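Peer 1: Below is the file coords06.cif, which contains mmCIF, C-alpha atoms.
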data_my_file
loop_
_atom_site.label_atom_id
_atom_site.label_comp_id
_atom_site.auth_asym_id
_atom_site.auth_seq_id
_atom_site.Cartn_x
_atom_site.Cartn_y
_atom_site.Cartn_z
CA MET A 288 -25.43 2.55 -9.91
CA ILE A 289 -23.62 5.85 -10.07
CA ASN A 290 -19.88 5.47 -10.00
CA LEU A 291 -18.51 8.22 -7.80
CA LEU A 292 -15.14 6.83 -6.82
CA ASN A 293 -13.62 5.66 -10.07
CA GLY A 294 -11.23 2.75 -9.95
CA ILE A 295 -12.04 2.06 -6.34
CA SER A 296 -12.95 -1.57 -7.06
CA ASP A 297 -9.47 -2.23 -8.42
CA THR A 298 -7.97 -0.71 -5.31
CA THR A 299 -10.26 -2.83 -3.16
CA SER A 300 -9.08 -5.96 -4.93
CA ALA A 301 -5.46 -4.89 -4.38
CA LEU A 302 -6.16 -4.27 -0.69
CA ASN A 303 -7.68 -7.73 -0.41
CA ALA A 304 -4.69 -9.28 -2.15
CA GLU A 305 -2.20 -7.46 0.06
CA ARG A 306 -4.13 -8.50 3.13
CA THR A 307 -3.84 -12.14 2.04
CA ARG A 308 -0.13 -11.67 1.48
CA MET A 309 0.25 -10.27 5.00
CA ASP A 310 -1.72 -13.23 6.38
CA VAL A 311 0.58 -15.67 4.58
CA ILE A 312 3.69 -13.86 5.84
CA SER A 313 2.37 -13.93 9.40
CA GLN A 314 1.74 -17.65 8.96
CA ASN A 315 5.36 -18.10 7.86
CA ILE A 316 6.68 -16.13 10.82
CA ALA A 317 4.48 -18.07 13.22
CA ASN A 318 5.79 -21.37 11.89
CA VAL A 319 9.46 -20.46 11.73
CA ASN A 320 10.30 -23.21 14.25
CA THR A 321 7.66 -25.77 13.31
CA ALA A 322 9.48 -29.00 12.54
CA ARG A 323 6.28 -30.88 11.68
CA ASP A 324 3.67 -29.58 9.25
CA ILE A 325 0.25 -31.21 8.74
CA ASP A 326 1.82 -33.58 6.20
CA GLY A 327 4.51 -34.65 8.71
CA ARG A 328 7.35 -32.89 6.91
CA PRO A 329 9.02 -29.69 8.09
CA PHE A 330 6.89 -26.62 7.48
CA GLN A 331 7.50 -25.19 4.03
CA ARG A 332 7.44 -21.47 3.46
CA ARG A 333 4.24 -20.28 1.75
CA GLN A 334 4.20 -17.53 -0.81
CA VAL A 335 1.34 -15.86 -2.65
CA VAL A 336 1.12 -15.53 -6.42
CA PHE A 337 -0.89 -12.59 -7.70
CA GLU A 338 -2.69 -12.42 -11.02
CA THR A 339 -4.53 -9.73 -12.90
CA VAL A 340 -8.28 -10.00 -13.11
CA LEU A 341 -10.57 -8.01 -15.36
CA ASN A 342 -13.18 -6.06 -13.48
CA GLN A 343 -16.38 -8.02 -14.15
CA GLN A 344 -18.82 -5.13 -13.88
CA GLN A 345 -16.76 -2.97 -16.21
CA ALA A 346 -16.44 -5.80 -18.69
CA LEU A 347 -20.20 -6.42 -18.64
CA ALA A 348 -20.99 -2.74 -19.05
CA GLY A 349 -18.70 -2.70 -22.08
CA ALA A 350 -16.97 0.37 -20.74
CA GLY A 351 -13.80 -0.78 -22.43
CA THR A 352 -11.60 1.16 -20.05
CA GLY A 353 -9.66 -2.01 -19.38
CA GLU A 354 -9.89 -1.60 -15.64
CA THR A 355 -8.19 -4.53 -14.03
CA GLY A 356 -7.84 -5.61 -10.46
CA VAL A 357 -5.62 -8.13 -8.79
CA ARG A 358 -6.33 -11.32 -6.92
CA VAL A 359 -4.39 -14.09 -5.28
CA ALA A 360 -4.08 -16.79 -7.91
CA ARG A 361 -2.66 -19.42 -5.55
CA ILE A 362 -0.56 -19.92 -2.46
CA GLU A 363 2.52 -21.95 -3.28
CA LYS A 364 4.98 -23.81 -1.13
CA ASP A 365 8.58 -22.75 -1.34
CA GLN A 366 10.57 -25.74 -2.63
CA ARG A 367 13.90 -24.72 -1.13
CA PRO A 368 15.51 -27.42 1.06
CA PRO A 369 14.84 -27.34 4.80
CA ARG A 370 17.25 -25.75 7.24
CA LEU A 371 19.29 -28.52 8.93
CA VAL A 372 20.00 -27.92 12.62
CA PHE A 373 22.08 -30.09 14.92
CA ASP A 374 19.89 -30.77 17.96
CA PRO A 375 20.20 -34.34 19.30
CA GLY A 376 17.64 -33.73 22.06
CA HIS A 377 14.88 -32.81 19.63
CA PRO A 378 12.19 -35.50 19.30
CA ASN A 379 12.32 -35.17 15.51
CA ALA A 380 16.10 -35.56 15.28
CA ASP A 381 17.44 -38.30 13.05
CA GLU A 382 20.17 -40.77 14.09
CA ASN A 383 22.88 -38.14 13.49
CA GLY A 384 21.08 -35.60 15.70
CA ILE A 385 20.04 -33.44 12.73
CA VAL A 386 16.60 -31.82 12.72
CA ALA A 387 15.07 -30.49 9.49
CA MET A 388 13.62 -27.08 10.31
CA PRO A 389 11.43 -24.93 8.02
CA ASN A 390 13.09 -23.20 5.07
CA ILE A 391 12.01 -19.82 6.44
CA ASN A 392 14.42 -16.96 6.76
CA ILE A 393 13.00 -14.54 9.30
CA HIS A 394 14.84 -11.57 7.74
CA GLU A 395 13.33 -12.35 4.37
CA GLU A 396 9.87 -12.52 5.95
CA MET A 397 10.34 -9.18 7.67
CA ALA A 398 11.41 -7.57 4.39
CA ASP A 399 8.37 -9.07 2.66
CA LEU A 400 6.17 -7.78 5.46
CA ILE A 401 7.47 -4.26 4.91
CA VAL A 402 6.81 -4.55 1.17
CA ALA A 403 3.25 -5.80 1.76
CA SER A 404 2.61 -3.10 4.33
CA ARG A 405 3.86 -0.34 2.03
CA ALA A 406 1.83 -1.68 -0.91
CA PHE A 407 -1.26 -1.66 1.31
CA GLU A 408 -0.46 1.90 2.34
CA ALA A 409 -0.09 2.98 -1.29
CA ASN A 410 -3.51 1.56 -2.13
CA LEU A 411 -5.01 3.34 0.86
CA ALA A 412 -3.50 6.56 -0.46
CA VAL A 413 -5.31 5.92 -3.76
CA VAL A 414 -8.61 5.58 -1.88
CA ARG A 415 -7.93 8.76 0.07
CA ASN A 416 -7.11 10.69 -3.10
CA ALA A 417 -10.13 9.36 -4.98
CA ARG A 418 -12.35 10.50 -2.14
CA ALA A 419 -10.67 13.91 -1.95
CA MET A 420 -11.13 14.35 -5.70
CA ALA A 421 -14.82 13.46 -5.51
CA VAL A 422 -15.42 15.83 -2.60
CA GLN A 423 -13.54 18.65 -4.32
CA THR A 424 -15.55 18.06 -7.47
CA LEU A 425 -18.74 18.41 -5.44
CA MET A 426 -17.48 21.81 -4.33
CA ILE A 427 -17.64 23.16 -7.90
CA GLY A 428 -19.51 26.43 -7.94
CA LYS A 429 -19.18 27.16 -4.24
CA HIS A 430 -17.57 30.51 -3.51
CA MET B 159 -28.04 30.49 -25.57
CA SER B 160 -28.15 29.62 -21.92
CA PRO B 161 -25.40 30.99 -19.73
CA LEU B 162 -24.76 27.51 -18.40
CA SER B 163 -23.87 26.11 -21.82
CA ALA B 164 -20.32 27.27 -21.25
CA LEU B 165 -20.17 25.12 -18.14
CA ARG B 166 -21.21 22.08 -20.12
CA SER B 167 -18.17 22.26 -22.33
CA ALA B 168 -16.01 22.85 -19.28
CA SER B 169 -16.99 19.48 -17.85
CA ALA B 170 -14.59 17.77 -20.24
CA PRO B 171 -11.00 18.83 -20.83
CA ASP B 172 -10.90 20.97 -23.89
CA PHE B 173 -7.55 21.22 -25.59
CA ARG B 174 -8.70 23.03 -28.70
CA ILE B 175 -6.73 26.05 -27.64
CA LEU B 176 -3.55 24.00 -27.93
CA SER B 177 -4.16 23.08 -31.55
CA LEU B 178 -3.36 26.50 -32.92
CA PRO B 179 -2.76 26.84 -36.64
CA LYS B 180 0.61 25.24 -37.30
CA ALA B 181 1.73 27.85 -39.78
CA ALA B 182 1.36 30.61 -37.22
CA VAL B 183 3.31 28.71 -34.58
CA THR B 184 6.14 27.55 -36.80
CA SER B 185 6.67 30.86 -38.56
CA GLY B 186 6.76 32.63 -35.21
CA GLN B 187 4.12 35.14 -36.28
CA ALA B 188 1.57 36.46 -33.87
CA ILE B 189 -1.81 34.82 -34.26
CA SER B 190 -4.27 37.21 -35.77
CA TYR B 191 -7.45 38.16 -33.99
CA ARG B 192 -9.46 36.57 -36.80
CA GLU B 193 -7.85 33.18 -36.19
CA LEU B 194 -8.52 33.34 -32.47
CA GLU B 195 -12.10 34.23 -33.19
CA THR B 196 -12.62 31.15 -35.36
CA ILE B 197 -11.16 28.97 -32.62
CA GLY B 198 -13.58 30.46 -30.14
CA ASN B 199 -16.55 29.87 -32.42
CA LEU B 200 -16.00 26.15 -32.81
CA PRO B 201 -18.92 24.21 -31.37
CA PRO B 202 -18.14 22.35 -28.13
CA ALA B 203 -16.93 18.98 -29.30
CA THR B 204 -17.97 17.03 -26.25
CA ALA B 205 -21.37 18.40 -25.35
CA PRO B 206 -24.22 16.44 -26.94
CA PRO B 207 -27.52 18.21 -27.59
CA PRO B 208 -29.72 18.10 -24.48
CA SER B 209 -32.60 16.45 -26.32
CA ALA B 210 -30.43 13.52 -27.40
CA LYS B 211 -29.23 13.08 -23.83
CA ALA B 212 -32.75 12.97 -22.40
CA GLY B 213 -33.83 10.51 -25.07
CA ALA B 214 -30.93 8.19 -24.33
CA ALA B 215 -31.77 8.11 -20.63
CA GLY B 216 -35.24 6.88 -21.54
CA GLY B 217 -36.95 8.43 -18.52
CA SER B 218 -38.00 11.71 -17.06
CA PHE B 219 -35.72 13.72 -14.85
CA GLU B 220 -38.01 12.92 -11.97
CA SER B 221 -37.56 9.18 -12.32
CA THR B 222 -33.78 9.68 -12.71
CA LEU B 223 -33.77 11.64 -9.49
CA GLY B 224 -35.86 9.01 -7.74
CA GLN B 225 -33.46 6.34 -8.95
CA MET B 226 -30.56 8.33 -7.61
CA VAL B 227 -32.15 8.70 -4.19
CA ALA B 228 -32.85 4.97 -4.14
CA ASP B 229 -29.24 4.35 -5.16
CA VAL B 230 -27.91 6.51 -2.33
CA ASN B 231 -30.23 4.75 0.09
CA GLY B 232 -29.00 1.39 -1.15
CA ARG B 233 -25.41 2.44 -0.59
CA GLN B 234 -26.18 3.60 2.93
CA ALA B 235 -27.88 0.27 3.64
CA ALA B 236 -24.95 -1.67 2.18
CA ALA B 237 -22.46 0.36 4.25
CA SER B 238 -24.32 -0.19 7.51
CA GLU B 239 -24.70 -3.87 6.67
CA THR B 240 -20.96 -4.22 6.08
CA ALA B 241 -20.19 -2.33 9.29
CA ALA B 242 -22.60 -4.53 11.24
CA ALA B 243 -21.03 -7.65 9.75
CA LEU B 244 -17.57 -6.39 10.73
CA LEU B 245 -18.64 -5.52 14.26
CA SER B 246 -20.39 -8.84 14.78
CA GLY B 247 -17.12 -10.63 14.06
CA GLN B 248 -17.78 -11.95 10.57
CA ASN B 249 -14.96 -12.33 8.13
CA VAL B 250 -15.22 -8.88 6.55
CA PRO B 251 -12.02 -6.96 5.83
CA LEU B 252 -11.77 -3.66 7.64
CA HIS B 253 -10.95 -1.70 4.49
CA GLN B 254 -14.07 -3.00 2.74
CA ALA B 255 -16.29 -1.60 5.47
CA MET B 256 -14.45 1.72 5.43
CA ILE B 257 -14.66 2.03 1.64
CA ALA B 258 -18.36 1.17 1.68
CA MET B 259 -18.94 3.89 4.26
CA GLU B 260 -16.90 6.39 2.24
CA GLU B 261 -18.89 5.60 -0.90
CA ALA B 262 -22.12 6.06 1.00
CA SER B 263 -20.92 9.36 2.40
CA VAL B 264 -19.77 10.75 -0.96
CA SER B 265 -22.96 9.69 -2.77
CA PHE B 266 -25.01 11.28 -0.02
CA GLN B 267 -23.04 14.49 -0.44
CA LEU B 268 -23.73 14.38 -4.17
CA MET B 269 -27.45 13.99 -3.50
CA VAL B 270 -27.45 16.93 -1.09
CA GLU B 271 -25.61 19.03 -3.68
CA VAL B 272 -28.18 18.18 -6.36
CA ARG B 273 -30.98 19.08 -3.96
CA ASN B 274 -29.27 22.38 -3.09
CA ARG B 275 -28.90 23.33 -6.75
CA LEU B 276 -32.50 22.46 -7.55
CA LEU B 277 -33.77 24.50 -4.63
CA GLU B 278 -31.51 27.36 -5.60
CA SER B 279 -32.88 27.47 -9.14
CA TYR B 280 -36.43 27.23 -7.84
CA GLN B 281 -35.89 30.15 -5.50
CA GLU B 282 -34.26 32.08 -8.33
CA LEU B 283 -37.40 31.57 -10.41
CA MET B 284 -39.67 32.61 -7.53
CA ARG B 285 -37.74 35.83 -7.12
CA MET B 286 -38.18 36.69 -10.78
CA GLN B 287 -39.95 40.00 -11.42
CA VAL B 288 -42.95 39.72 -13.68
#
Would you mind writing the file out in structure tokens?

Peer 2:
Amino acid sequence: MINLLNGISDTTSALNAERTRMDVISQNIANVNTARDIDGRPFQRRQVVFETVLNQQQALAGAGTGETGVRVARIEKDQRPPRLVFDPGHPNADENGIVAMPNINIHEEMADLIVASRAFEANLAVVRNARAMAVQTLMIGKH
Amino acid sequence: MSPLSALRSASAPDFRILSLPKAAVTSGQAISYRELETIGNLPPATAPPPSAKAGAAGGSFESTLGQMVADVNGRQAAASETAAALLSGQNVPLHQAMIAMEEASVSFQLMVEVRNRLLESYQELMRMQV
């Protein structure tokens, strides 16, 4: 298979990873007021952990360029303590009227969302540039 | 020597011109014409002999070309498949479909360019005065 857009597979993996990060952030924002998770405890903030992965095709071809992509290694729960809110009317309130709410800080999530969005944008710029370079190279010898 | 052999060495960055004789650079003297001439006469370091290249490919140019057309076709098929999967609501990321379509488009452009050059050289030959 001819390889026209070099390094595009790494960029694709990065785009996939950033998409997952955005999904996780949107999940956090959606659950900012969820007092009960599936396990019965207050919702815990999720965060993605990225890891480098060697491009399989490149490694098999023995190209030795060391092209590496990125993937989501795991999605971890944030172990910070829950936010304690005084709300005696809440069905999940304890005898003192305290409700344990998720340990999500909406400002933090918004900042993370901006970071993920910008990282996605940067990878898209790489795709755009790779394409422009390929097209310009095909113009060699014209006029 | 074919006039295109110069192009072959241009396909890889050639920094030989930067490695001028050290003595001339450090002493601040002008480089003599003789020295420049020897630099120019160095064989292109990156261009392998054409025969070795054809032998390594292990097939005729025709089969290489056929393989390339099949490759481009495969890319087009993959791109339309990804787009169809995206449009039918399967879990395909948007960027993956876009990149597949871009790859198909660029490889098609490459194929058209190769075809144009081949036709050009054929017409050049047909115009040749005997």

Peer 1: Separation of atom CA of A:Ala403 and atom CA of B:Leu245, in Å?

Peer 2: 25.2 Å

Peer 1: For atom CA of B:Arg275 and atom CA of B:Gln225, quote the distance in Å rounded to one decimal.

Peer 2: 17.7 Å

Peer 1: Let me make sure I understand: among A:Val340, A:Val335, A:Leu302, A:Ala360, which one has the smallest atom-to-atom distance to A:Asn315 if we use only C-alpha atoms?

Peer 2: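 For A:Asn315, the nearest of the candidates is A:Val335.
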
Peer 1: Which is closer to chain B than all the others in A:Ala301, A:Ile312, A:Leu400, A:Leu371, using only C-alpha atoms?

Peer 2: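 The closest residue to chain B is A:Ala301.
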
Peer 1: Just give me the gap between atom CA of A:Val319 and atom CA of A:Pro389 in Å, one decimal is fine.

Peer 2: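 About the pair atom CA of A:Val319 and atom CA of A:Pro389: they are 6.1 Å apart.
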